[in-house]
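A.B. asks: Submitted below is the structure of interest, expressed as structure tokens.
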Amino acid sequence: MNPAPPIEGGRPRARGRHPRERGPAPRTIRPGRVLDLLLHVSEVLDTVVDPEVAGWSVLVAFTAGEGLGFNRAFLLLAEGEELRGWFGVGPRTRDEARKVWTEMRGAGVLPLSRLREPDHAAIESEQRRHAATLAALSHAHSPECNSWRRAFIGRPNHPSACVRHWSAALESRDLAVVPLMAPGRPWGVVLADNFVTHAPIHRATLEAAETLAHYLRAALERTQLLQRLQGERRQRIVAEHATALLETARTLAHDLKNPLALAGGLARELVAAPPADRETLMRQLGIVAGAVSRAEQRVGELVEGLANRADGIALEPVEVGGLTDRVAAAFRPLAASRGVRLLCYHPARPVVAAAAAASLERCVENLIANAVEALSDRGGEVHVAAREEAPWVRIEVADNGQPLPAALRADPFAGGVTTHRGGSGLGLRSVRTLAEAMGGRVEYDEREPGWARFTVVLRRWS
Amino acid sequence: MTGSRLLFVDDEEGFLELYRATFSREGYTVDTAAGVDDARGLLATGGIDLVVLDIRLGTSSGLALLREIKAADARLPVVLATAYARYQDDFSSWLADAYVVKSSDLGELKLAVARCLETAQ
């Protein structure tokens, strides 16, 4: 099939150019190859969640030799009355083009094959490299831009001030201008040219560029929405974390205020009216001393609790199945020595929670240690399970040992109650502190007869 | 009103000791209860002029007891004394005649007790 003729200033192909100036641009683009390219790019964009990756993927398709073959391409997005340079791909100078293309040719690199596994460092580097050019391209869009419909070739003497500005900024003689329109105004524009090879731009190439630009717009709108939703979700997690922190601070403040009020009140009473008998005096002094000790202990716990919360603020994706496997494996020799069977269950696919890995490990360690301790006298089984229950991830540690003593059952995580099971109670309290610090919670139930189950509930990472 | 009979309900024995010492010296007759059941028993015997009630009573709620007391005798004054200032925003606490945040200075509580007794006259 004969290629479509060059349009609007397409120039006859230069004959006898120096081989180093033979860029990646294909001389013609066949319809079958365009379809393959469009299919490939659309498949790639289906999986992209990051706007920068979407921009990079499509502009690589514009510039790759096995793509549309432009020497360079830029995306500008509308911001108010301005079309602002947002992303660029390709060499900045002729010398850079020769160097890069020679290297790529030597290494046998096919850029389109890289789209499925984008190199984020390379994308950032590309953004930095083109920052100055993108800033120079930014321009207030003129009224005539509002009537653009189709892609066209812009020249330095184009009637539109925008096109003249971009041609001058890029020193481009034939600039492919691919407008993306919102109702009555530009949404964005892709600019591309062959500033090194001066290869002609055919209508078929321009039409394919239009389709790619529309793919890019759809991908950008989707990924930007996704990014905004994720940002809001993170803000919600932080807010929940702050609420949990506030609630704990209130509880701790109460625990601190009570003994202080008591000690101060009794001390005032002793000063105002010292008891006549020594026994009453000693009893009241004992209450004061006890209350002061309690306040001191609460302050220590408060300091520790706040430290835990500071650790917990940085939430990250934590694969819970692997984490529970690791912790359980560490406990298995101890469990076996006490006749306890330790089993782990989780789905084959990753279960990812918003957590701080070290804090979550401590939670699981404490719960497994508690369960093994509960079974140490007679043996039994401990089941550790991780599962998703949208939007939560549940990490359960259940044992078929003795149930919690009544004193602990009302609030197993309150701490301070000393029993064989649960030890000082501080381990369970620590689990609650850590879980709340990660924006989660802990639960205890005996709904399955013969089993005591502790569950850490955290937000699923997304 | 000195000579009135006050019932203090608090799950912490230290506070009950403090209330006994302070309010007895002020001329009141002081009864104390460490929990909801003890308080119900003392209220059932009658003759209580005012109740000073903590909100957190172990696993029980002082606010639930407040509702019980007011359902039985709406005229019996009840002063809530708690470390939690935030319960003032809980409408259940609005049934109380006064709300005092616990402090080592019992001046505010003494004042609240005196005012409530005077109003109840």
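Just so we're on the same page: first chain in the structure tokens is A, next is B, and so on; residues restart at 1 for each chain, and ligands are numbered from 1 in the order they show up.
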Per residue of chain A within 8 Å of chain B, which atom pair is closest and at what distance in Å (one decimal), using only C-alpha atoms, listed by chain and increasing number, as CSV?
C.D. replies:
residue,atom,partner,partner_atom,distance
A:His254,CA,B:Ala83,CA,5.6
A:Lys257,CA,B:Ala83,CA,6.5
A:Asn258,CA,B:Ala83,CA,6.2
A:Leu260,CA,B:Ser104,CA,7.0
A:Ala261,CA,B:Ser104,CA,4.0
A:Leu262,CA,B:Ser104,CA,6.0
A:Ala263,CA,B:Ser104,CA,7.0
A:Gly264,CA,B:Ser104,CA,4.5
A:Gly265,CA,B:Ser104,CA,3.9
A:Leu266,CA,B:Leu18,CA,5.7
A:Arg268,CA,B:Ser104,CA,7.7
A:Glu269,CA,B:Thr22,CA,6.5
A:Gln284,CA,B:Glu17,CA,7.7
A:Ile287,CA,B:Gly14,CA,6.0
A:Ala410,CA,B:Thr59,CA,7.6
A.B. asks: Would you pick out the contacts of stretch 44-59 of chain A at 9 Å or less, using only C-alpha atoms, so that residues sharing its chain but fewer than 2 positions from it are not included, and give the list as a ChimeraX atom specification?
C.D. replies: /A:39-42,61-64,72-75,86-90,112,114-116,118-120,123-124,126,190,212-213,215-217,219-224,226-227
A.B. asks: For atom CA of A:Pro186 and atom CA of A:Trp148, determine how far apart the two atoms are, in Å to one decimal place.
C.D. replies: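 One can read the atom CA of A:Pro186 to atom CA of A:Trp148 distance as 8.0 Å.
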A.B. asks: B:Val30, B:Val9, B:Ala74, B:Leu42: which is nearest B:Ile55, counting only C-alpha atoms?
C.D. replies: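 Looking only at the distances to B:Ile55, the closest residue turns out to be B:Val9.
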A.B. asks: Could you tell me how far atom CA of A:Ala151 sits from atom CA of A:Glu207, in Å to one decimal place?
C.D. replies: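 That distance, rounded to one decimal, is 7.3 Å.
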